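S.K.: One structure coming up, written as structure tokens, with questions to follow.
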Amino acid sequence: MREMDRHFGGGRATLHLRVTPLTGMTSLESMESALKEMETSAKSQLDACKTPEALEAIRVDVLGRKGRLAQVSKSMGQLTHEQRGGMGKLLNQVKELLETAFDARHAAFTREAMAKRLAGEWVDLTLPAKGPLRGGLHPVTIIQSEIEDVFRSLGFTVLDGPEVETEYHNFDALNIPADHPARDMQDTFWMTGGNLLRTHTSPVQVRGMKKLGPPLRMIAPGRVFRNEEVDASHEHTFYQLEGMMIDRDVSVAHLIYFMKTLLSEVFRRDVTVRLRPGYFPFVEPGFELDIECLICGGKGCPVCKQSGWVELLPCGLVHPNVLRQGGIDPDEWNGFAFGLGLTRLAMMRYGIDDIRLLMSGDLRFLNQF
Ligand code: DAH
């Protein structure tokens, strides 16, 4: 800009001149003055220009292919050969000056924009960083892995079974024939094709016996499904943990020992338990192991259905028919089995009084674990 001022004195009024030879002037004179006028005008336009878009419009108007400078250059045809040489030089000087001026203005706009952006993006690097958001384990998962640890330390293998089961594994192999009233104890979600959503983890007993062979100790935690009405203590989907030990001369004393070890580990304190006779087609004798309700301390609440006791551990000695289905000779081997309600256990442990919370996915609930 300064250089332009030096060249043409600067400060002249803005004029948009078309180059037409004026009367009384030579073509050269009129051309030179048109050039000067144009330079002055461009310069003051540049000064006044406020946005990069406006700058670009001026650049096109002055330096563009059909711009004002190009027009002056076009009209050089009117000049003599010698005049053309001098005029050409002048034209180039002006062009360079203007280009430099435009570039400087453009750079200034870019700097401004960058400064603005940086100001908006300013980050205080001295602030402490935000920690990562941590997920947590579901209460049932916590209980499940604890129990798995207890049983692993007692020599049990952890097995998995399919959630979509055959009718055979879920019922028949467990000594529950089609016409047996015990089938009605478990409302079943039937799939097309005769399969079903397993109603308990017990089908893994037969799969496990076939897989491991006697003697064996196995547990099988997993999700089970029942087609029943949902309320504070019933869900259509919940978790069980099946357990089985097959050996020679296994007795109810072994069963009680393992169950007591398990419960004292899980609750980390003495819990009051009671054993009642219970009927399950796959065990004989069968028992219901109840614990005193930890929510109400035995006084009665919705979880224990006001009884003060919670059915926690149905169990028994494995029925000979079931051993046979697992390919095991009942004259040589016997064992115990149990089906632990993992969901119910989690509710007891954490004082959760509504089973529906566990499946709710509600973060206000889940974040507490
Ligand atoms: N499968 C039974 C149920 O879901 C629970 C059960 C009872 C499992 C007795 C067992 C058992 O292994 O011995 O209701």
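Residue numbers start at 1 in each chain; chains themselves are named A, B, ... in the order of the structure tokens; ligands are numbered from 1 in the order shown.
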Name the residues, by chain letter and number, that sit within 6 Å of ligand 1 using only C-alpha atoms and all ligand atoms, and give them as a VMD selection string.

M.R.: chain A and resid 200 202 242 280 283 314 to 316 337 to 339

S.K.: List as a PyMOL selection string the protein and nucleic acid residues near A:Glu228, meaning an atom at most 9 Å away when only C-alpha atoms are counted, but skip any in the same chain fewer than 5 places from it.

M.R.: chain A and resi 186-188+234-236

S.K.: Name the residues in contact with stretch 265-275 of chain A at a cut-off of 6 Å, using only C-alpha atoms, excluding same-chain residues fewer than 4 positions from it; report them as a ChimeraX atom specification.

M.R.: /A:288-292

S.K.: Counting only C-alpha atoms, which residue out of A:Phe238, A:Trp309, A:Phe369, A:Trp190 sits closest to A:Met348?

M.R.: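 Checking each of A:Phe238, A:Trp309, A:Phe369, A:Trp190 against A:Met348, counting only C-alpha atoms, the winner is A:Trp309.
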
S.K.: Which residues are close to A:Tyr239, i.e. within 9 Å by only C-alpha atoms, leaving aside same-chain residues fewer than 5 positions away? Reply as a ChimeraX atom specification.

M.R.: /A:140,200-201,221-225,340-344

S.K.: Rounded to one decimal in Å, what is the spacing between atom CA of A:Ala57 and atom CA of A:Gly88?

M.R.: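 Result for atom CA of A:Ala57 versus atom CA of A:Gly88: 25.1 Å, one decimal.
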